[in-house]
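Engineer: Contents are mmCIF, C-alpha atoms; file name data13.cif:
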```
data_coords
#
loop_
_atom_site.group_PDB
_atom_site.id
_atom_site.type_symbol
_atom_site.label_atom_id
_atom_site.label_comp_id
_atom_site.auth_asym_id
_atom_site.auth_seq_id
_atom_site.Cartn_x
_atom_site.Cartn_y
_atom_site.Cartn_z
ATOM 1 C CA MET W 1 -16.672 47.883 22.887
ATOM 2 C CA LEU W 2 -13.407 47.555 21.020
ATOM 3 C CA ASP W 3 -10.654 45.274 22.203
ATOM 4 C CA ASN W 4 -7.903 47.328 23.817
ATOM 5 C CA THR W 5 -5.078 45.566 21.991
ATOM 6 C CA LYS W 6 -4.007 46.826 18.590
ATOM 7 C CA TYR W 7 -0.926 46.031 16.607
ATOM 8 C CA ILE W 8 0.998 48.564 14.556
ATOM 9 C CA ILE W 9 3.637 46.969 12.365
ATOM 10 C CA ASN W 10 6.872 48.781 11.575
ATOM 11 C CA SER W 11 10.251 47.588 10.370
ATOM 12 C CA ASP W 12 11.473 46.711 13.853
ATOM 13 C CA LYS W 13 8.621 45.386 16.003
ATOM 14 C CA GLU W 14 4.944 45.111 16.820
ATOM 15 C CA LEU W 15 3.670 47.882 19.082
ATOM 16 C CA MET W 16 0.928 46.905 21.516
ATOM 17 C CA ILE W 17 -1.561 49.567 22.587
ATOM 18 C CA MET W 18 -3.421 48.860 25.815
ATOM 19 C CA ARG W 19 -6.764 50.272 26.918
ATOM 20 C CA TYR W 20 -7.420 51.481 30.484
ATOM 21 C CA VAL W 21 -10.139 53.186 32.502
ATOM 22 C CA ILE W 22 -9.919 54.913 35.902
ATOM 23 C CA VAL W 23 -12.857 54.599 38.306
ATOM 24 C CA CYS W 24 -13.923 54.777 41.928
ATOM 25 C CA VAL W 25 -15.392 51.383 42.839
ATOM 26 C CA VAL W 26 -18.587 51.679 44.888
ATOM 27 C CA GLN W 27 -18.117 49.354 47.830
ATOM 28 C CA LYS W 28 -20.082 47.547 50.528
ATOM 29 C CA GLU W 29 -23.890 47.529 50.523
ATOM 30 C CA ALA W 30 -24.254 50.191 47.832
ATOM 31 C CA GLY W 31 -21.953 48.368 45.440
ATOM 32 C CA GLU W 32 -23.674 45.048 46.090
ATOM 33 C CA PHE W 33 -27.049 46.690 45.447
ATOM 34 C CA ASN W 34 -25.933 48.109 42.098
ATOM 35 C CA ASN W 35 -24.299 44.858 40.985
ATOM 36 C CA GLN W 36 -27.416 42.876 41.901
ATOM 37 C CA MET W 37 -29.742 45.360 40.235
ATOM 38 C CA ARG W 38 -27.751 45.245 37.001
ATOM 39 C CA LYS W 39 -28.003 41.459 37.080
ATOM 40 C CA GLU W 40 -31.774 41.671 37.558
ATOM 41 C CA VAL W 41 -32.152 44.208 34.749
ATOM 42 C CA TRP W 42 -30.300 41.845 32.429
ATOM 43 C CA GLU W 43 -32.426 38.874 33.484
ATOM 44 C CA LYS W 44 -35.723 40.773 33.165
ATOM 45 C CA PHE W 45 -35.096 43.036 30.174
ATOM 46 C CA LYS W 46 -31.830 41.887 28.518
ATOM 47 C CA ALA W 47 -30.359 45.373 28.981
ATOM 48 C CA ARG W 48 -26.692 45.494 29.926
ATOM 49 C CA SER W 49 -24.178 47.882 31.444
ATOM 50 C CA SER W 50 -20.374 47.732 31.321
ATOM 51 C CA LYS W 51 -18.322 44.777 32.514
ATOM 52 C CA LEU W 52 -16.898 46.861 35.360
ATOM 53 C CA PRO W 53 -18.120 46.453 38.950
ATOM 54 C CA ALA W 54 -20.304 49.178 40.488
ATOM 55 C CA HIS W 55 -18.407 52.450 40.025
ATOM 56 C CA PHE W 56 -18.390 56.052 38.983
ATOM 57 C CA THR W 57 -15.943 57.009 36.263
ATOM 58 C CA ILE W 58 -12.963 59.240 36.950
ATOM 59 C CA LYS W 59 -11.317 58.989 33.508
ATOM 60 C CA ALA W 60 -13.095 57.439 30.540
ATOM 61 C CA PRO W 61 -11.244 54.704 28.609
ATOM 62 C CA PHE W 62 -7.954 55.765 27.072
ATOM 63 C CA GLU W 63 -5.199 53.995 25.165
ATOM 64 C CA TYR W 64 -1.446 54.057 25.579
ATOM 65 C CA ASP W 65 1.393 52.160 23.943
ATOM 66 C CA ALA W 66 3.884 52.045 26.838
ATOM 67 C CA PRO W 67 3.927 51.327 30.595
ATOM 68 C CA ILE W 68 1.710 53.734 32.571
ATOM 69 C CA THR W 69 4.285 54.120 35.335
ATOM 70 C CA GLU W 70 3.890 57.892 35.532
ATOM 71 C CA LEU W 71 0.154 57.572 36.115
ATOM 72 C CA GLU W 72 0.650 54.879 38.753
ATOM 73 C CA GLU W 73 3.121 57.035 40.669
ATOM 74 C CA VAL W 74 0.833 60.074 40.500
ATOM 75 C CA LEU W 75 -2.165 58.116 41.814
ATOM 76 C CA GLU W 76 -0.200 56.484 44.616
ATOM 77 C CA SER W 77 1.137 59.847 45.771
ATOM 78 C CA PHE W 78 -2.312 61.429 45.554
ATOM 79 C CA CYS W 79 -3.969 58.725 47.660
ATOM 80 C CA ASN W 80 -1.237 58.885 50.273
ATOM 81 C CA ARG W 81 -2.083 62.514 51.025
ATOM 82 C CA GLU W 82 -5.856 62.731 50.457
ATOM 83 C CA LEU W 83 -8.644 61.801 52.859
ATOM 84 C CA ALA W 84 -11.570 59.646 51.812
ATOM 85 C CA GLU W 85 -14.734 61.763 51.662
ATOM 86 C CA PRO W 86 -18.477 60.966 51.576
ATOM 87 C CA PHE W 87 -20.899 60.799 48.708
ATOM 88 C CA ARG W 88 -24.417 59.431 48.461
ATOM 89 C CA LEU W 89 -26.373 57.303 46.010
ATOM 90 C CA ASN W 90 -29.758 58.998 45.935
ATOM 91 C CA GLY W 91 -32.398 57.850 43.468
ATOM 92 C CA TYR W 92 -32.131 57.512 39.699
ATOM 93 C CA GLY W 93 -31.420 59.551 36.613
ATOM 94 C CA ARG W 94 -31.294 59.075 32.869
ATOM 95 C CA PHE W 95 -29.399 60.182 29.800
ATOM 96 C CA SER W 96 -32.276 60.559 27.354
ATOM 97 C CA ASP W 97 -33.596 57.051 26.637
ATOM 98 C CA ARG W 98 -30.116 55.562 26.338
ATOM 99 C CA VAL W 99 -28.870 55.142 29.929
ATOM 100 C CA VAL W 100 -30.441 54.581 33.341
ATOM 101 C CA TYR W 101 -28.243 55.305 36.336
ATOM 102 C CA MET W 102 -28.116 55.810 40.082
ATOM 103 C CA HIS W 103 -27.666 59.471 40.921
ATOM 104 C CA VAL W 104 -24.502 60.391 42.842
ATOM 105 C CA ASP W 105 -24.661 63.300 45.288
ATOM 106 C CA MET W 106 -21.066 64.305 45.961
ATOM 107 C CA SER W 107 -20.362 66.078 49.223
ATOM 108 C CA LYS W 108 -18.494 69.351 48.840
ATOM 109 C CA GLU W 109 -15.451 67.620 50.312
ATOM 110 C CA ALA W 110 -15.625 64.698 47.877
ATOM 111 C CA LYS W 111 -16.106 67.023 44.910
ATOM 112 C CA ALA W 112 -13.055 69.003 45.981
ATOM 113 C CA VAL W 113 -10.983 65.796 46.171
ATOM 114 C CA HIS W 114 -12.242 64.788 42.745
ATOM 115 C CA ASP W 115 -11.332 68.148 41.217
ATOM 116 C CA ARG W 116 -7.844 68.034 42.735
ATOM 117 C CA LEU W 117 -7.502 64.543 41.298
ATOM 118 C CA ILE W 118 -8.461 65.754 37.805
ATOM 119 C CA ASP W 119 -5.877 68.536 38.084
ATOM 120 C CA THR W 120 -3.252 66.030 39.197
ATOM 121 C CA ILE W 121 -3.951 63.408 36.524
ATOM 122 C CA SER W 122 -4.051 66.093 33.833
ATOM 123 C CA LYS W 123 -0.316 66.588 34.345
ATOM 124 C CA VAL W 124 0.309 63.101 32.943
ATOM 125 C CA SER W 125 1.200 63.588 29.299
ATOM 126 C CA TYR W 126 -1.042 60.871 27.846
ATOM 127 C CA ILE W 127 -4.187 61.714 29.870
ATOM 128 C CA HIS W 128 -6.669 64.164 28.348
ATOM 129 C CA PHE W 129 -10.095 65.090 29.740
ATOM 130 C CA ASP W 130 -13.148 66.524 28.024
ATOM 131 C CA HIS W 131 -16.485 67.818 29.345
ATOM 132 C CA LYS W 132 -17.838 64.285 29.787
ATOM 133 C CA ASP W 133 -15.156 63.055 32.182
ATOM 134 C CA GLY W 134 -13.540 66.205 33.579
ATOM 135 C CA LYS W 135 -14.513 68.314 36.574
ATOM 136 C CA ASP W 136 -17.999 69.017 35.235
ATOM 137 C CA LYS W 137 -19.007 65.389 34.629
ATOM 138 C CA THR W 138 -22.412 64.097 35.703
ATOM 139 C CA PHE W 139 -21.521 61.747 38.541
ATOM 140 C CA HIS W 140 -23.484 58.536 38.200
ATOM 141 C CA VAL W 141 -23.398 54.777 38.738
ATOM 142 C CA THR W 142 -24.823 53.017 35.694
ATOM 143 C CA VAL W 143 -27.703 50.546 35.871
ATOM 144 C CA ALA W 144 -28.189 49.928 32.138
ATOM 145 C CA SER W 145 -26.518 51.432 29.073
ATOM 146 C CA LYS W 146 -26.739 48.839 26.278
ATOM 147 C CA ARG W 147 -29.861 47.681 24.402
ATOM 148 C CA VAL W 148 -31.888 50.157 26.459
ATOM 149 C CA GLN W 149 -33.751 52.312 23.926
ATOM 150 C CA PRO W 150 -36.405 49.831 22.743
ATOM 151 C CA ILE W 151 -37.324 48.965 26.358
ATOM 152 C CA PHE W 152 -36.420 52.198 28.090
ATOM 153 C CA SER W 153 -39.827 52.770 29.710
ATOM 154 C CA GLU W 154 -39.858 49.324 31.304
ATOM 155 C CA VAL W 155 -36.302 49.615 32.610
ATOM 156 C CA TRP W 156 -36.904 53.162 33.874
ATOM 157 C CA GLU W 157 -40.081 52.237 35.739
ATOM 158 C CA TYR W 158 -38.436 49.170 37.237
ATOM 159 C CA ALA W 159 -35.450 51.195 38.449
ATOM 160 C CA LYS W 160 -37.655 53.838 40.048
ATOM 161 C CA SER W 161 -39.496 51.108 41.968
ATOM 162 C CA GLN W 162 -36.270 50.095 43.743
ATOM 163 C CA PRO W 163 -35.397 52.352 46.715
ATOM 164 C CA CYS W 164 -31.879 53.726 46.319
ATOM 165 C CA TYR W 165 -30.333 55.692 49.169
ATOM 166 C CA PHE W 166 -26.842 54.793 50.386
ATOM 167 C CA ASP W 167 -24.057 56.668 52.150
ATOM 168 C CA CYS W 168 -20.737 55.846 50.488
ATOM 169 C CA GLU W 169 -17.103 56.909 50.503
ATOM 170 C CA PHE W 170 -14.887 58.201 47.723
ATOM 171 C CA ASN W 171 -12.029 56.179 49.147
ATOM 172 C CA ASN W 172 -10.371 54.437 46.214
ATOM 173 C CA ILE W 173 -8.997 55.007 42.739
ATOM 174 C CA SER W 174 -8.897 51.894 40.580
ATOM 175 C CA ILE W 175 -7.305 51.310 37.175
ATOM 176 C CA TYR W 176 -8.867 48.591 35.019
ATOM 177 C CA LYS W 177 -7.287 47.185 31.855
ATOM 178 C CA TRP W 178 -9.246 45.700 28.951
ATOM 179 C CA GLN W 179 -8.033 42.200 28.143
ATOM 180 C CA ASP W 180 -9.612 38.930 27.076
ATOM 181 C CA ASN W 181 -12.848 40.789 26.312
ATOM 182 C CA ASN W 182 -13.241 41.990 29.891
ATOM 183 C CA TRP W 183 -12.180 44.764 32.257
ATOM 184 C CA MET W 184 -9.583 43.349 34.655
ATOM 185 C CA LEU W 185 -8.331 45.150 37.774
ATOM 186 C CA TYR W 186 -4.834 46.439 37.065
ATOM 187 C CA LYS W 187 -4.059 48.580 40.132
ATOM 188 C CA ASP W 188 -6.079 50.082 42.960
ATOM 189 C CA TYR W 189 -5.182 52.724 45.512
ATOM 190 C CA GLU W 190 -6.855 53.482 48.837
ATOM 191 C CA MET W 191 -7.126 56.996 50.221
ATOM 192 C CA VAL W 192 -6.450 57.798 53.861
ATOM 193 C CA SER W 193 -9.433 56.646 55.920
ATOM 194 C CA SER W 194 -11.979 59.274 56.944
ATOM 195 C CA LYS W 195 -15.196 58.744 58.871
ATOM 196 C CA ILE W 196 -18.467 59.701 57.177
ATOM 197 C CA ILE W 197 -20.145 62.270 59.376
ATOM 198 C CA PRO W 198 -23.956 61.999 59.496
ATOM 199 C CA GLY W 199 -25.579 65.101 58.064
ATOM 200 C CA THR W 200 -22.615 66.035 55.851
ATOM 201 C CA THR W 201 -23.790 68.586 53.296
ATOM 202 C CA VAL W 202 -24.076 67.279 49.755
ATOM 203 C CA VAL W 203 -24.296 69.354 46.591
#
```
Using structure tokens, write down the structure from this file.

Structural biologist:
Amino acid sequence: MLDNTKYIINSDKELMIMRYVIVCVVQKEAGEFNNQMRKEVWEKFKARSSKLPAHFTIKAPFEYDAPITELEEVLESFCNRELAEPFRLNGYGRFSDRVVYMHVDMSKEAKAVHDRLIDTISKVSYIHFDHKDGKDKTFHVTVASKRVQPIFSEVWEYAKSQPCYFDCEFNNISIYKWQDNNWMLYKDYEMVSSKIIPGTTVV
């Protein structure tokens, strides 16, 4: 992963470009389970994931050379008017032999909130989505994504042996900034509380 700080020299000053990522942090028991499992996968197989806490990605890493005030205001306004909605961690998936992840089943309500969020963030001039992180993304919470290929079978079989079924809430939007070789929490926003209703339909 590249450091987020670059320096462009011109006649007047040095311009610092910062790197950010926008995620929903998976909280409570589900988040603890993912964080612990990633630790175990590293200890057993030396396969890593990102330096972020348990999460699903809303906007993949992007760079910008000025304050992200517009984005902050948009996210704060969005969270002040949107209800938290349920999703579920349900088993495991894979991207070829490169990535092992926990599968995210988004409820129809949560998917609708997510899609409205993508529409809203897209209005910010320096945010651009593609098929990997837009409305049609594969929602997932990563278990291992680095140094996986040579030991994929072992990691995959280990993951499948660990029961994974958690009810969660899409209740936060968190911005992390890359600094000092780590992702550091920059700002987080909480959506209006909403109770998870047992039996909510997931898609």

Engineer: Find, counting all atoms listed in the file, the residue in W:Asn90, W:Thr69, W:Thr120, W:Asn35 that gets nearest to Lys160 in chain W.

Structural biologist: W:Asn90

Engineer: Do you know which residues lie at most 12 Å from (-23.8, 46.8, 50.3), with coordinates as in the file and all atoms listed in the file counted, and could you write them as a ChimeraX atom specification?

Structural biologist: /W:26-37,54,89,164-168

Engineer: May I ask for the distance between CA of Phe170 in chain W and CA of Glu85 in chain W, given in Å to one decimal place?

Structural biologist: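 For CA of Phe170 in chain W relative to CA of Glu85 in chain W, the distance reads 5.3 Å.
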
Engineer: Counting all atoms listed in the file, find the residues whose atoms lie at most 9 Å from (-13.1, 61.2, 27.7) (file coordinates) and write them out as JSON, numbers by chain.

Structural biologist: {"W": [59, 60, 61, 62, 128, 129, 130, 131, 132, 133, 134]}

Engineer: Name all residues at most 12 Å from Phe139 in chain W (count all atoms listed in the file; drop same-chain ones fewer than 6 positions away) and give them as a ChimeraX atom specification.

Structural biologist: /W:23-24,55-59,87-90,92-95,101-107,110-111,114,132-133,170,203

Engineer: Check the smallest atom-to-atom distance from each of W:Ala66, W:Leu52, W:Cys79, W:Ala144 to Glu40 in chain W using only C-alpha atoms, then report the winner.

Structural biologist: W:Ala144

Engineer: Taking all atoms listed in the file into account, which of W:Glu157, W:Glu82, W:Glu72, W:Asp136 comes nearest Phe45 in chain W?

Structural biologist: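 The closest residue to Phe45 in chain W is W:Glu157.
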
Engineer: Have a look at CA of Ile118 in chain W and CA of Ile173 in chain W and let me know their distance in Å, one decimal.

Structural biologist: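 So the two atoms, CA of Ile118 in chain W and CA of Ile173 in chain W, lie 11.8 Å apart.
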
Engineer: Using CA of Lys46 in chain W and CA of Ile151 in chain W as the two end points, give the distance in Å to one decimal.

Structural biologist: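 Interatomic distance, CA of Lys46 in chain W to CA of Ile151 in chain W: 9.2 Å.
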